[in-house]
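J.: Okay, handing you the structure first.
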Amino acid sequence: VLVFDAVNKKFSMWGEEGKGALAKPLGITSDNRDRYYVTDAVQKRIVVYDRDGKFLNAMGEKGELENPVGIVVSDKLGRIFVADSKKHHIAVFDMDGTHIEDIGKRGKEPGQFNFPTNLAIGPKGNLYVADGANFRIQVFGPDGTFIRTFGRIGDSPGEFARPKGVAVDSDGHIYVIDAAFNNFQIFTNDGELLLYVGAIGKSPGQFWLPAGAYIDDKDRLYVADQYNFRVQVFQYLKGDDKQVPTPVKTAPEKTQAPTGTKL
């Protein structure tokens, strides 16, 4: 784990050796006590560190996790949600690392998954899941109850080819990273497309196989731009209702893949 301390202008790395050594870290999140949770796909576990990178403990008994990817913590519920792409479900743990339940199973029906990747929790506590091979985003209540789904496979705006990261800002807008489109699309909480940003390239605002996404408490969006070997940061600027883009209906006919035009 690469740690960039913007306040103190320091850089450090976690997970290089000892009990907290990592083999293939894929996802990271934190709780309100400054504990950091990292999924490790090779070790099939969650490794927990304090704010200084000191190993605290690991979660995931044998057989509980197969390929943990995305991870989020609900401090309000005291629950840890982990997307397991090979088991095609969301594993739920308590804060002590006890496995409580699993949400979903493999399938195409609402509430089922096909290689889920990343997770996000919205301002109202809902859980958002990038359901990769079903080419959609699924939304669940804080208790795991299915609410809605949106998206489908395609190359038109509002559709998905390889959805990876998902994040939600303070106003409930949903950001979906698409590695094949090399952009991110922004939707209303009801799944209506607002705009898309990015195209393939190496310049600022362009991407090459982007993956994960995260939005902080200042509504800054961080995107892991994989093959450009960087993280790009965007700022969501709030405005009055007159400045909010009008949702765009997805055209029934096929068009070329989104290239970063603001709608």
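Quick note on naming: the chains in the structure tokens go A, B, ... in the order shown, residues restart at 1 in each chain, and ligands are numbered from 1 in order of appearance.
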Could you pull out all residues of region 53-179 of chain A with a DSSP call of strand (DSSP E or B) and give them as an NGL selection string?
T.: :A and (55-59 or 68-74 or 79-84 or 89-94 or 99-103 or 106 or 113 or 116-121 or 127-131 or 136-140 or 146-150 or 153 or 160 or 163-168 or 174-178)
J.: So that I can check the surroundings of Gly18 (chain A), please list as a list in words every protein, DNA and RNA residue that reaches within 12 Å of it, counting only C-alpha atoms and ignoring chain neighbours fewer than 5 positions away.
T.: Ala23, Val47, Gly53, Lys54, Phe55, Leu56 and Asn57 of chain A
J.: Write to file, as a JSON list (two decimals), in the first residue's frame, the residues of the selection just made, with C-alpha atoms.
T.:
[["chain", "number", "residue", "atom", "x", "y", "z"],
["A", 23, "ALA", "CA", 0.77, -10.63, -1.73],
["A", 47, "VAL", "CA", -5.44, -7.26, 6.52],
["A", 53, "GLY", "CA", 0.72, 1.16, 9.03],
["A", 54, "LYS", "CA", 1.17, -1.16, 12.02],
["A", 55, "PHE", "CA", -0.43, -4.57, 11.51],
["A", 56, "LEU", "CA", -3.41, -5.08, 13.83],
["A", 57, "ASN", "CA", -5.07, -8.29, 12.70]]
J.: Can you tell me which residues surround Pro142 (chain A) at a distance of at most 8 Å, considering only C-alpha atoms, apart from same-chain residues fewer than 5 positions away, and format the answer as number ranges by chain?
T.: A: 77, 125-127
J.: Residues within 7 Å of Ile186 (chain A), please, as a PyMOL selection string. Count only C-alpha atoms; anything in the same chain fewer than 4 positions from it doesn't count.
T.: chain A and resi 173-176+193-196
J.: Mind listing the helix (DSSP H, G or I) residues of region 41-252 of chain A, per DSSP on the backbone, as JSON, numbers by chain?
T.: {"A": [132, 133, 134, 226, 227, 228, 241, 242, 243]}
J.: Got time to write the residues from that selection, C-alpha atoms, as a PDB file, in the first residue's frame?
T.:
ATOM      1  CA  GLY A 132     -19.086  -6.540 -13.529  1.00  0.00           C
ATOM      2  CA  ALA A 133     -20.161  -9.344 -15.843  1.00  0.00           C
ATOM      3  CA  ASN A 134     -23.827  -8.387 -15.520  1.00  0.00           C
ATOM      4  CA  GLN A 226      -3.909   1.684 -14.135  1.00  0.00           C
ATOM      5  CA  TYR A 227      -1.874   1.683 -17.314  1.00  0.00           C
ATOM      6  CA  ASN A 228      -0.963   5.343 -16.953  1.00  0.00           C
ATOM      7  CA  ASP A 241     -30.679  23.343  -9.226  1.00  0.00           C
ATOM      8  CA  LYS A 242     -30.380  25.407 -12.411  1.00  0.00           C
ATOM      9  CA  GLN A 243     -26.774  24.301 -12.821  1.00  0.00           C
TER      10      GLN A 243
END
J.: Within 9 Å of Gly104 (chain A), counting only C-alpha atoms, which residues qualify if same-chain residues fewer than 3 places away don't, as a list in words?
T.: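 In the requested format, the answer is His88, His89, Ile90, Gly107, Gly111, Gln112 and Phe113 of chain A.
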J.: Hey, can you spit out that residue selection with C-alpha atoms as a PDB file, in the first residue's frame?
T.:
ATOM      1  CA  HIS A  88     -20.181 -14.042  -6.808  1.00  0.00           C
ATOM      2  CA  HIS A  89     -21.518 -12.522  -3.611  1.00  0.00           C
ATOM      3  CA  ILE A  90     -20.913  -9.869  -0.972  1.00  0.00           C
ATOM      4  CA  GLY A 107     -26.989 -15.210 -11.487  1.00  0.00           C
ATOM      5  CA  GLY A 111     -29.865  -9.238  -6.180  1.00  0.00           C
ATOM      6  CA  GLN A 112     -27.655 -11.819  -7.889  1.00  0.00           C
ATOM      7  CA  PHE A 113     -24.106 -11.227  -9.155  1.00  0.00           C
TER       8      PHE A 113
END
J.: I need the residue nearest Phe150 (chain A) from this list: A:Pro163, A:Gly239, A:Gly212, A:Gly191. Use only C-alpha atoms for the distance.
T.: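 Among the listed residues, A:Gly191 lies closest to Phe150 (chain A).
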J.: Nearest to Phe229 (chain A): which of A:Phe146, A:Trp208, A:Phe181, A:Phe135 is it, counting only C-alpha atoms?
T.: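 Among A:Phe146, A:Trp208, A:Phe181, A:Phe135, it is A:Trp208 that comes nearest to Phe229 (chain A).
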J.: Give me the residues near Gly205 (chain A) as a list in words, where near means some atom within 12 Å (using only C-alpha atoms) and where sequence neighbours in that chain fewer than 2 positions away do not count.
T.: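 Near Gly205 (chain A), the qualifying residues are Asn182, Asn183, Phe184, Tyr196, Val197, Gly198, Ala199, Ile200, Gly201, Lys202, Ser203, Phe207, Trp208, Pro210, Tyr222, Val223, Ala224, Asp225, Asn228, Arg230, Val231, Gln232, Val233, Phe234, Gln235, Thr259, Gly260 and Thr261 of chain A.
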J.: Could you check which of A:Asp31, A:Asp178, A:Asp102, A:Asp171 is closest to Glu159 (chain A), using only C-alpha atoms?
T.: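 Ranking A:Asp31, A:Asp178, A:Asp102, A:Asp171 by distance to Glu159 (chain A), first place goes to A:Asp178.
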J.: Looking at only C-alpha atoms, which of A:Asp50, A:Asp96, A:Asp155, A:Glu109 is the one that sits closest to Val38 (chain A)?
T.: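 Nearest candidate to Val38 (chain A) out of A:Asp50, A:Asp96, A:Asp155, A:Glu109: A:Asp50.
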J.: Tell me which of A:Phe187, A:Leu119, A:Leu65, A:Asn114 sits closest to Glu101 (chain A), counting only C-alpha atoms.
T.: A:Leu65
J.: Hey, which of A:Asp94, A:Asp52, A:Asp143, A:Asp217 ends up closest to Arg35 (chain A)? Count only C-alpha atoms.
T.: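 Answer, going by the shortest atom-to-atom distance: A:Asp52.
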